[in-house]
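Novice: Structure incoming, see below.
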Number of protein chains: 4
Amino acid sequence: MKTIVRLSVLVLLAGMLAMSAAKPTRVIFFGDSITQAGVNPGGYIDRLKKVLPADHFELIGAGIGGNKIYDLFLRMDEDVLAKQPDVVVIWVGVNDVWHKATSGTGTDPDKFIKFYNAVIKKLQAANIKVVLCTPAAIGEKTDMTNQQDGDLNQYSKFIRDIAQTQNLPLVDLRKAFLEYDLQNNAENKDRGVLTTDRVHLNDAGNQFVADQMQKVLTTAK
Amino acid sequence: MKTIVRLSVLVLLAGMLAMSAAKPTRVIFFGDSITQAGVNPGGYIDRLKKVLPADHFELIGAGIGGNKIYDLFLRMDEDVLAKQPDVVVIWVGVNDVWHKATSGTGTDPDKFIKFYNAVIKKLQAANIKVVLCTPAAIGEKTDMTNQQDGDLNQYSKFIRDIAQTQNLPLVDLRKAFLEYDLQNNAENKDRGVLTTDRVHLNDAGNQFVADQMQKVLTTAK
Amino acid sequence: MKTIVRLSVLVLLAGMLAMSAAKPTRVIFFGDSITQAGVNPGGYIDRLKKVLPADHFELIGAGIGGNKIYDLFLRMDEDVLAKQPDVVVIWVGVNDVWHKATSGTGTDPDKFIKFYNAVIKKLQAANIKVVLCTPAAIGEKTDMTNQQDGDLNQYSKFIRDIAQTQNLPLVDLRKAFLEYDLQNNAENKDRGVLTTDRVHLNDAGNQFVADQMQKVLTTAK
Amino acid sequence: MKTIVRLSVLVLLAGMLAMSAAKPTRVIFFGDSITQAGVNPGGYIDRLKKVLPADHFELIGAGIGGNKIYDLFLRMDEDVLAKQPDVVVIWVGVNDVWHKATSGTGTDPDKFIKFYNAVIKKLQAANIKVVLCTPAAIGEKTDMTNQQDGDLNQYSKFIRDIAQTQNLPLVDLRKAFLEYDLQNNAENKDRGVLTTDRVHLNDAGNQFVADQMQKVLTTAK
């Protein structure tokens with residue numbers, strides 16, 4: 001846990017949560033198809049709802065399939081700011097990398113960073129607490145031979161650097177998935193441990209992500 | 001000319017220009033590297049400045065190399081809206097297509113349309129007149145054998161459809177370049193007629209674009 | 001027809017066919033998934049078998065899904081030369097272009113030409129008559145807005161140039177498909193006229209290809 | 001060294017070299033632009049010539065810029081077999097991966113393996129000893145954040161698997177470069193340690209490769 005969430009930030013987050021004790025903390029999960037599926041029965045947001053008391057946390061999914069960082073920027077007014085959340089969990093990056101290989105429509109590194117910072121800035125300007133996540137996986141092989149491991153590592157590093165520079169809480173799913181797979185994927189399979197298809201979460205994956213997210217949200221209380 | 005600019009729209013544009021007779025009409029050219037180079041001596045904006053009277057037109061370049069439609073959306077507050085222009089000429093699209101082939105970071109068709117409309121909407125909300133342009137060329141061969149001709153035609157069609165649906169003035173550079181090359185590129189060369197490198201304008205290209213732009217801006221008076 | 005098959009070459013082909021009157025002319029269709037499906041009931045090779053007399057023509061399919069020109073070169077000893085055909089119809093090119101957009105594994109233009117010539121040379125060295133085909137379609141829209149129209153036109157032109165230079169019979173399916181679609185695809189659909197999915201043949205497509213192939217093979221008699 | 005060259009194979013290689021004591025062992029380095037530059041003054045083949053006695057080793061460069069595995073297959077008759085070498089060092093793979101990102105013309109994994117095995121088989125059929133090399137680098141960052149690290153690891157693994165299965169000597173340049181950079185690239189630069197531009201060798205790189213190659217060739221004596 002210590003390695004995943006920055007304690008100095010948790011103090012801030014805890015303060016925010018304490019102040020809003022009267023009404024539940026509204027958390028929006030802002031992301032792509034993984035988050036879109038997260039609100040389905042058994043999805044990671046659905047699982048979080050079952051463990052986080054409803055009088056303390058209101059959890060809202062705002063994931064849309066195929067979204068990249070700039071898509072989040074485009075729709076954040078309507079889908080996020082209008083709902084006046086207390087906390088926004090940004091989980092994006094898989095498509096920014098993946099689509100380079102599948103349709104030639106990924107996101108350039110410098111553009112990714114620029115839009116990522118723009119999303120954060122706009123949330124912070126609305127006094128919203130921001131939690132960052134690294135993109136978990138495009139393939140679960142543990143020997144760094146998934147086709148886009150290098151690029152996904154690079155984009156994860158961008159996010160870690162932003163979290164560090166701005167002192168923001170980080171759910172380092174990329175790191176957590178790799179560690180989990182190193183323990184549980186002895187056959188070096190590219191899917192089937194935490195994902196169904198190298199990217200999207202199976203039951204174990206949804207539970208694992210819920211656990212990681214829960215740590216950040218509750219430690220803060 | 002009739003085929004390039006929609007007359008019904010010119011009436012609106014003319015009205016706008018008439019009303020602003022006291023001070024020059026401020027026009028921002030909003031685009032990519034082609035427009036960035038357009039303000040250089042001999043560039044298309046520089047050439048326009050020499051033929052359009054300064055007491056009637058204030059011409060401002062706002063082009064940045066590598067920009068795609070979503071980059072325009074990201075920086076439009078600072079680079080365009082803050083300058084309170086009367087007219088914005090949007091000329092973008094080459095990189096959205098080109099980068100698919102060179103770095104796997106082009107723009108998906110549906111995203112292109114979505115951001116394009118978002119840029120227009122935001123300009124119109126600020127009472128700014130919008131002029132659209134189609135992306136001119138990635139290769140000047142006239143027999144539709146430039147690698148990305150199909151895709152560039154597709155994205156040009158998106159822009160034409162938007163212009164038609166919203167009744168906006170259109171500088172159809174894609175169409176104009178092809179017609180010019182059919183007349184002047186008998187050898188079917190991929191560059192050297194209007195471009196230096198298949199994309200960026202040579203002297204003839206800058207003059208040609210200046211001429212096309214001038215028609216839209218002055219017919220409107 | 002005159003535009004599709006080079007008459008001067010047909011004389012050669014006719015001569016070859018005449019000489020082999022005693023036993024049926026063995027024709028191998030050498031290609032990709034389209035040809036692999038061509039031997040299925042209703043496929044274009046299956047249809048050709050029904051119209052070309054078996055005592056005159058022995059038709060053999062040698063198509064493998066995903067094949068590009070270099071894959072043909074790799075397997076031609078075993079799959080073609082070992083079977084001692086009289087005629088080989090080479091129909092390839094779609095994947096060389098298509099895979100650029102779907103997996104970043106298309107074929108460079110210069111490599112395409114080099115391998116294409118190498119395949120022809122090796123067939124001719126074995127006294128096999130060679131018939132060339134252009135790749136038909138990746139999308140059936142008729143206004144040159146299918147994403148890869150430019151590239152597919154380019155590779156088709158390479159094949160036409162080789163046919164012309166070497167005086168080889170050509171089934172110009174690219175040209176024929178476009179002409180057919182211009183007549184029969186008023187709605188500008190990207191599939192459903194001659195293809196099921198923009199690339200692979202539906203019933204009408206298989207019949208149309210069979211007709212085009214038949215012309216070349218029988219005119220030669 | 002033990003990890004790089006398989007000893008069981010060295011016995012075979014040593015035997016081959018012993019038998020050819022009367023005339024120098026003819027070694028062809030078969031590869032891409034890195035090998036093409038290797039024969040230049042200061043290149044790795046040029047450096048090898050200075051340390052390996054000319055009466056024992058005749059070293060020939062057969063590298064061509066932009067070559068992928070299938071290009072080697074296409075030209076191997078003329079450029080390799082016709083020269084009747086005793087040993088062929090195959091060093092290829094960078095372009096098969098790199099071109100996916102730069103022009104959409106990389107090589108599919110299954111095709112890479114198929115052609116790689118076909119090249120080996122043809123060399124062995126001519127009684128030529130084969131030495132394999134893994135592709136060294138597309139970027140020298142040591143934290144697996146070079147864009148194509150995952151894919152390059154994957155293709156290197158393919159080559160290691162072939163070497164192991166067929167008991168062939170392997171110069172594992174991918175592994176050696178990473179180890180060298182971990183020692184000598186504390187700043188995590190993407191170039192400038194062993195390469196000039198992330199891929200092509202600088203002086204240190206040419207010396208390093210020459211050293212690795214020398215070990216395989218001389219241990220065998």
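Naming works like this for the structure tokens: A, B, ... for the chains as they're shown, residue 1 at the start of each chain, ligands 1 onward in shown order.
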If you count only C-alpha atoms, which residues fall within 10 Å of D:Lys189, apart from same-chain ones fewer than 4 positions away, as a VMD selection string?
Specialist: chain D and resid 139 to 142 181 185 193 198
Novice: With a cut-off of 10 Å, could you pull out the residues of chain B touching chain A and give me the nearest pair of atoms for each, distance in Å to one decimal, using only C-alpha atoms, ordered by chain and ascending number, as a tab-separated table?
Specialist:
```
residue	atom	partner	partner_atom	distance
B:Asn67	CA	A:Lys111	CA	9.6
B:Tyr70	CA	A:Tyr70	CA	7.1
B:Asp71	CA	A:Lys111	CA	8.0
B:Phe73	CA	A:Leu74	CA	8.3
B:Leu74	CA	A:Phe115	CA	7.6
B:Asp96	CA	A:Thr105	CA	8.6
B:Val97	CA	A:Thr105	CA	9.1
B:Trp98	CA	A:Gly104	CA	9.9
B:His99	CA	A:Gly104	CA	7.7
B:Lys100	CA	A:Gly104	CA	4.5
B:Ala101	CA	A:Gly104	CA	6.9
B:Thr102	CA	A:Gly104	CA	8.8
B:Ser103	CA	A:Gly104	CA	7.4
B:Gly104	CA	A:Gly104	CA	3.7
B:Thr105	CA	A:Thr105	CA	4.4
B:Gly106	CA	A:Thr105	CA	4.4
B:Thr107	CA	A:Thr105	CA	5.2
B:Asp108	CA	A:Thr105	CA	6.0
B:Pro109	CA	A:Thr105	CA	9.6
B:Lys111	CA	A:Asp71	CA	8.0
B:Lys114	CA	A:Leu74	CA	9.0
B:Phe115	CA	A:Leu74	CA	7.6
B:Ala118	CA	A:Leu74	CA	8.2
```
Novice: Write to file, as a compact mmCIF listing (two decimals), in the first residue's frame, the residues of the selection just made, with N, CA, C and O atoms.
Specialist:
```txt
# COMPACT_ATOMS: atom_id res chain seq x y z
N ASN B 67 -0.10 19.60 -35.29
CA ASN B 67 -1.45 19.67 -34.71
C ASN B 67 -2.48 18.86 -35.48
O ASN B 67 -2.52 18.86 -36.70
N TYR B 70 -7.80 17.52 -32.38
CA TYR B 70 -7.97 17.61 -30.93
C TYR B 70 -6.95 18.55 -30.30
O TYR B 70 -7.21 19.11 -29.23
N ASP B 71 -5.83 18.76 -30.96
CA ASP B 71 -4.87 19.76 -30.46
C ASP B 71 -5.44 21.17 -30.59
O ASP B 71 -5.20 22.02 -29.73
N PHE B 73 -8.59 21.86 -30.39
CA PHE B 73 -9.58 21.98 -29.31
C PHE B 73 -8.89 22.30 -27.98
O PHE B 73 -9.37 23.15 -27.22
N LEU B 74 -7.77 21.65 -27.73
CA LEU B 74 -7.09 21.85 -26.45
C LEU B 74 -6.59 23.28 -26.26
O LEU B 74 -6.69 23.85 -25.17
N ASP B 96 -4.03 14.32 -38.93
CA ASP B 96 -4.98 13.31 -38.46
C ASP B 96 -4.93 12.06 -39.32
O ASP B 96 -5.16 10.94 -38.84
N VAL B 97 -4.64 12.26 -40.59
CA VAL B 97 -4.53 11.13 -41.52
C VAL B 97 -3.08 10.65 -41.62
O VAL B 97 -2.78 9.47 -41.47
N TRP B 98 -2.19 11.58 -41.86
CA TRP B 98 -0.78 11.27 -42.15
C TRP B 98 -0.14 10.43 -41.06
O TRP B 98 0.58 9.46 -41.32
N HIS B 99 -0.38 10.84 -39.80
CA HIS B 99 0.29 10.18 -38.68
C HIS B 99 -0.15 8.73 -38.49
O HIS B 99 0.51 7.99 -37.76
N LYS B 100 -1.26 8.35 -39.09
CA LYS B 100 -1.61 6.92 -39.06
C LYS B 100 -0.48 6.11 -39.69
O LYS B 100 -0.16 5.02 -39.22
N ALA B 101 0.07 6.65 -40.77
CA ALA B 101 1.08 5.89 -41.52
C ALA B 101 2.49 6.08 -41.00
O ALA B 101 3.34 5.23 -41.21
N THR B 102 2.75 7.19 -40.32
CA THR B 102 4.14 7.48 -39.95
C THR B 102 4.46 7.19 -38.49
O THR B 102 5.61 7.01 -38.13
N SER B 103 3.44 7.18 -37.63
CA SER B 103 3.74 6.93 -36.22
C SER B 103 2.59 6.24 -35.49
O SER B 103 2.65 6.08 -34.27
N GLY B 104 1.58 5.81 -36.22
CA GLY B 104 0.45 5.12 -35.59
C GLY B 104 -0.35 6.01 -34.66
O GLY B 104 -0.99 5.54 -33.73
N THR B 105 -0.31 7.31 -34.91
CA THR B 105 -1.00 8.25 -34.02
C THR B 105 -1.92 9.21 -34.78
O THR B 105 -1.99 10.39 -34.44
N GLY B 106 -2.61 8.69 -35.78
CA GLY B 106 -3.64 9.47 -36.44
C GLY B 106 -4.90 9.54 -35.59
O GLY B 106 -4.92 9.09 -34.44
N THR B 107 -5.94 10.09 -36.18
CA THR B 107 -7.21 10.27 -35.46
C THR B 107 -8.30 9.40 -36.07
O THR B 107 -8.47 9.39 -37.29
N ASP B 108 -9.03 8.68 -35.23
CA ASP B 108 -10.15 7.88 -35.72
C ASP B 108 -11.19 8.77 -36.39
O ASP B 108 -11.42 9.90 -35.94
N PRO B 109 -11.86 8.28 -37.43
CA PRO B 109 -12.87 9.07 -38.13
C PRO B 109 -13.93 9.66 -37.19
O PRO B 109 -14.21 10.86 -37.24
N LYS B 111 -13.84 10.23 -34.01
CA LYS B 111 -13.25 11.22 -33.11
C LYS B 111 -12.98 12.53 -33.86
O LYS B 111 -13.16 13.62 -33.32
N LYS B 114 -16.17 14.39 -34.16
CA LYS B 114 -16.62 14.86 -32.86
C LYS B 114 -15.84 16.10 -32.41
O LYS B 114 -16.43 17.10 -31.98
N PHE B 115 -14.53 16.06 -32.53
CA PHE B 115 -13.71 17.22 -32.14
C PHE B 115 -13.91 18.39 -33.09
O PHE B 115 -13.93 19.55 -32.66
N ALA B 118 -16.92 20.06 -32.10
CA ALA B 118 -16.74 20.72 -30.80
C ALA B 118 -15.99 22.05 -30.96
O ALA B 118 -16.31 23.04 -30.30
```
Novice: Near C:Ala210, counting only C-alpha atoms, which residues have an atom at most 8 Å away, once you skip same-chain residues fewer than 3 positions from it, shown as an NGL selection string?
Specialist: :C and (44-45 or 47-48 or 206-207 or 213-214)
Novice: Write out as a short mmCIF file (atom, residue, chain, number, x, y, z; two decimals) with C-alpha atoms, in the first residue's frame which residues come within 10 Å of D:Asp79 when counting only C-alpha atoms, dropping same-chain ones fewer than 4 positions away.
Specialist:
```cif
data_model
loop_
_atom_site.label_atom_id
_atom_site.label_comp_id
_atom_site.auth_asym_id
_atom_site.auth_seq_id
_atom_site.Cartn_x
_atom_site.Cartn_y
_atom_site.Cartn_z
CA ILE D 28 29.31 -14.07 -44.11
CA PHE D 30 24.00 -11.53 -43.23
CA GLY D 61 29.62 -8.34 -45.10
CA ALA D 62 26.22 -8.97 -46.66
CA GLY D 63 24.06 -6.34 -45.03
CA LEU D 72 17.24 -12.13 -46.46
CA LEU D 74 14.77 -13.44 -51.12
CA ARG D 75 18.40 -12.58 -51.75
CA LYS D 83 29.69 -17.29 -52.25
CA GLN D 84 29.91 -20.70 -50.60
#
```
Novice: Run DSSP on the backbone and grab whatever in stretch 115-186 of chain A lands in alpha helix (DSSP H); send it over as an MDAnalysis selection string.
Specialist: chainID A and resid 115:125 149:166 173:184
Novice: Skipping near chain neighbours, those fewer than 2 positions away, what residues fall within 6 Å of D:Val199 using only C-alpha atoms, listed as an MDAnalysis selection string?
Specialist: chainID D and resid 137:138 195 197
Novice: Given the selection you just returned, output its residues as a file containing N, CA and C atoms, formatted as a PDB file, in the first residue's frame.
Specialist:
```pdb
ATOM      1  N   ALA D 137      18.766  -3.522 -30.191  1.00  0.00           N
ATOM      2  CA  ALA D 137      18.052  -2.431 -29.508  1.00  0.00           C
ATOM      3  C   ALA D 137      17.302  -1.537 -30.483  1.00  0.00           C
ATOM      4  N   ILE D 138      16.164  -1.056 -30.032  1.00  0.00           N
ATOM      5  CA  ILE D 138      15.507   0.123 -30.615  1.00  0.00           C
ATOM      6  C   ILE D 138      15.286   1.041 -29.420  1.00  0.00           C
ATOM      7  N   THR D 195      24.684   3.133 -29.325  1.00  0.00           N
ATOM      8  CA  THR D 195      24.085   3.513 -30.610  1.00  0.00           C
ATOM      9  C   THR D 195      24.160   5.026 -30.810  1.00  0.00           C
ATOM     10  N   ASP D 197      21.624   6.478 -32.664  1.00  0.00           N
ATOM     11  CA  ASP D 197      20.242   6.912 -32.941  1.00  0.00           C
ATOM     12  C   ASP D 197      19.222   5.914 -32.404  1.00  0.00           C
TER      13      ASP D 197
END
```
Novice: Measuring atom to atom with only C-alpha atoms, identify which of A:Ala126, A:Val39, A:Leu132, A:Leu182 is nearest to A:Asp86.
Specialist: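 Checking each candidate against A:Asp86, we get A:Ala126 as the closest.
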Novice: Would you mind listing what lies within 7 Å of A:Pro135 as a ChimeraX atom specification, with only C-alpha atoms counted and same-chain residues fewer than 2 positions away left out?
Specialist: /A:91-94,133,137,156,173-174
Novice: Please run DSSP on the backbone and report, as JSON, numbers by chain, all residues within stretch 25-127 of chain D that come out as strand (DSSP E).
Specialist: {"D": [25, 26, 27, 28, 29, 30, 31, 57, 58, 59, 60, 61, 62, 63, 87, 88, 89, 90, 91]}
Novice: For the residues in that selection, give me all heavy atoms as a compact mmCIF listing (two decimals), in the first residue's frame.
Specialist:
```txt
# COMPACT_ATOMS: atom_id res chain seq x y z
N THR D 25 38.43 -19.87 -42.93
CA THR D 25 36.99 -20.06 -42.80
C THR D 25 36.29 -18.83 -43.34
O THR D 25 36.55 -17.71 -42.89
CB THR D 25 36.63 -20.23 -41.31
OG1 THR D 25 37.31 -21.38 -40.81
CG2 THR D 25 35.12 -20.41 -41.14
N ARG D 26 35.41 -19.05 -44.29
CA ARG D 26 34.69 -17.92 -44.88
C ARG D 26 33.40 -17.67 -44.08
O ARG D 26 32.52 -18.52 -44.03
CB ARG D 26 34.35 -18.21 -46.34
CG ARG D 26 33.59 -17.08 -47.03
CD ARG D 26 33.42 -17.34 -48.49
NE ARG D 26 34.71 -17.24 -49.18
CZ ARG D 26 34.90 -17.64 -50.44
NH1 ARG D 26 33.92 -18.14 -51.15
NH2 ARG D 26 36.10 -17.52 -51.00
N VAL D 27 33.34 -16.49 -43.50
CA VAL D 27 32.17 -16.12 -42.69
C VAL D 27 31.42 -14.97 -43.36
O VAL D 27 32.02 -13.93 -43.68
CB VAL D 27 32.60 -15.67 -41.27
CG1 VAL D 27 31.37 -15.33 -40.42
CG2 VAL D 27 33.46 -16.74 -40.60
N ILE D 28 30.13 -15.16 -43.57
CA ILE D 28 29.31 -14.07 -44.11
C ILE D 28 28.40 -13.54 -43.01
O ILE D 28 27.71 -14.30 -42.34
CB ILE D 28 28.46 -14.54 -45.31
CG1 ILE D 28 29.39 -14.86 -46.50
CG2 ILE D 28 27.44 -13.48 -45.70
CD1 ILE D 28 28.66 -15.20 -47.79
N PHE D 29 28.46 -12.23 -42.83
CA PHE D 29 27.55 -11.56 -41.90
C PHE D 29 26.34 -11.09 -42.71
O PHE D 29 26.47 -10.23 -43.58
CB PHE D 29 28.25 -10.40 -41.21
CG PHE D 29 29.39 -10.85 -40.33
CD1 PHE D 29 30.68 -11.00 -40.85
CD2 PHE D 29 29.17 -11.18 -39.00
CE1 PHE D 29 31.72 -11.43 -40.05
CE2 PHE D 29 30.21 -11.62 -38.19
CZ PHE D 29 31.50 -11.75 -38.72
N PHE D 30 25.20 -11.67 -42.41
CA PHE D 30 24.00 -11.53 -43.23
C PHE D 30 22.97 -10.71 -42.44
O PHE D 30 22.47 -11.16 -41.41
CB PHE D 30 23.48 -12.94 -43.52
CG PHE D 30 22.47 -13.07 -44.62
CD1 PHE D 30 22.40 -12.16 -45.67
CD2 PHE D 30 21.60 -14.15 -44.64
CE1 PHE D 30 21.48 -12.32 -46.70
CE2 PHE D 30 20.66 -14.31 -45.66
CZ PHE D 30 20.60 -13.39 -46.68
N GLY D 31 22.69 -9.51 -42.92
CA GLY D 31 21.81 -8.68 -42.10
C GLY D 31 21.32 -7.42 -42.76
O GLY D 31 21.17 -7.35 -43.99
N PHE D 57 40.45 -16.58 -41.05
CA PHE D 57 39.08 -16.10 -41.26
C PHE D 57 38.98 -15.13 -42.43
O PHE D 57 39.70 -14.14 -42.48
CB PHE D 57 38.56 -15.38 -40.01
CG PHE D 57 38.25 -16.30 -38.86
CD1 PHE D 57 39.16 -16.44 -37.81
CD2 PHE D 57 37.07 -17.02 -38.82
CE1 PHE D 57 38.88 -17.28 -36.74
CE2 PHE D 57 36.79 -17.87 -37.76
CZ PHE D 57 37.70 -18.00 -36.70
N GLU D 58 38.09 -15.42 -43.33
CA GLU D 58 37.72 -14.47 -44.37
C GLU D 58 36.33 -13.95 -44.02
O GLU D 58 35.37 -14.72 -43.99
CB GLU D 58 37.71 -15.16 -45.73
CG GLU D 58 37.38 -14.21 -46.87
CD GLU D 58 37.08 -14.94 -48.19
OE1 GLU D 58 37.05 -16.19 -48.17
OE2 GLU D 58 36.87 -14.26 -49.20
N LEU D 59 36.27 -12.65 -43.74
CA LEU D 59 35.00 -12.08 -43.26
C LEU D 59 34.34 -11.25 -44.36
O LEU D 59 34.97 -10.35 -44.93
CB LEU D 59 35.25 -11.20 -42.04
CG LEU D 59 36.00 -11.86 -40.87
CD1 LEU D 59 36.13 -10.88 -39.70
CD2 LEU D 59 35.31 -13.14 -40.43
N ILE D 60 33.08 -11.54 -44.64
CA ILE D 60 32.36 -10.87 -45.72
C ILE D 60 31.08 -10.25 -45.19
O ILE D 60 30.30 -10.92 -44.50
CB ILE D 60 32.02 -11.88 -46.84
CG1 ILE D 60 33.30 -12.49 -47.43
CG2 ILE D 60 31.19 -11.21 -47.94
CD1 ILE D 60 33.06 -13.61 -48.42
N GLY D 61 30.87 -9.00 -45.50
CA GLY D 61 29.62 -8.34 -45.10
C GLY D 61 28.55 -8.52 -46.16
O GLY D 61 28.82 -8.36 -47.35
N ALA D 62 27.36 -8.86 -45.73
CA ALA D 62 26.22 -8.97 -46.66
C ALA D 62 25.00 -8.34 -45.99
O ALA D 62 23.97 -8.98 -45.79
CB ALA D 62 25.96 -10.42 -47.03
N GLY D 63 25.16 -7.07 -45.66
CA GLY D 63 24.06 -6.34 -45.03
C GLY D 63 23.47 -5.33 -45.99
O GLY D 63 24.20 -4.69 -46.75
N VAL D 87 30.48 -20.36 -42.76
CA VAL D 87 29.64 -19.93 -41.64
C VAL D 87 28.81 -18.72 -42.09
O VAL D 87 29.32 -17.85 -42.80
CB VAL D 87 30.50 -19.51 -40.43
CG1 VAL D 87 29.62 -19.01 -39.28
CG2 VAL D 87 31.40 -20.66 -39.97
N VAL D 88 27.55 -18.67 -41.68
CA VAL D 88 26.74 -17.47 -41.88
C VAL D 88 26.21 -17.00 -40.53
O VAL D 88 25.60 -17.77 -39.79
CB VAL D 88 25.58 -17.71 -42.86
CG1 VAL D 88 24.60 -16.54 -42.84
CG2 VAL D 88 26.12 -17.92 -44.27
N VAL D 89 26.50 -15.74 -40.24
CA VAL D 89 25.97 -15.12 -39.02
C VAL D 89 24.74 -14.31 -39.42
O VAL D 89 24.84 -13.34 -40.17
CB VAL D 89 27.03 -14.19 -38.37
CG1 VAL D 89 26.44 -13.53 -37.12
CG2 VAL D 89 28.30 -14.97 -38.06
N ILE D 90 23.57 -14.74 -38.96
CA ILE D 90 22.31 -14.04 -39.27
C ILE D 90 22.02 -13.03 -38.17
O ILE D 90 21.86 -13.39 -37.01
CB ILE D 90 21.12 -15.03 -39.35
CG1 ILE D 90 21.42 -16.14 -40.35
CG2 ILE D 90 19.83 -14.29 -39.71
CD1 ILE D 90 20.40 -17.28 -40.30
N TRP D 91 21.98 -11.77 -38.56
CA TRP D 91 21.64 -10.73 -37.58
C TRP D 91 20.55 -9.84 -38.17
O TRP D 91 20.83 -8.97 -38.98
CB TRP D 91 22.88 -9.92 -37.20
CG TRP D 91 22.62 -8.93 -36.09
CD1 TRP D 91 21.54 -8.89 -35.26
CD2 TRP D 91 23.45 -7.83 -35.71
NE1 TRP D 91 21.64 -7.85 -34.38
CE2 TRP D 91 22.82 -7.17 -34.63
CE3 TRP D 91 24.67 -7.34 -36.17
CZ2 TRP D 91 23.35 -6.05 -34.01
CZ3 TRP D 91 25.21 -6.22 -35.56
CH2 TRP D 91 24.56 -5.59 -34.47
```
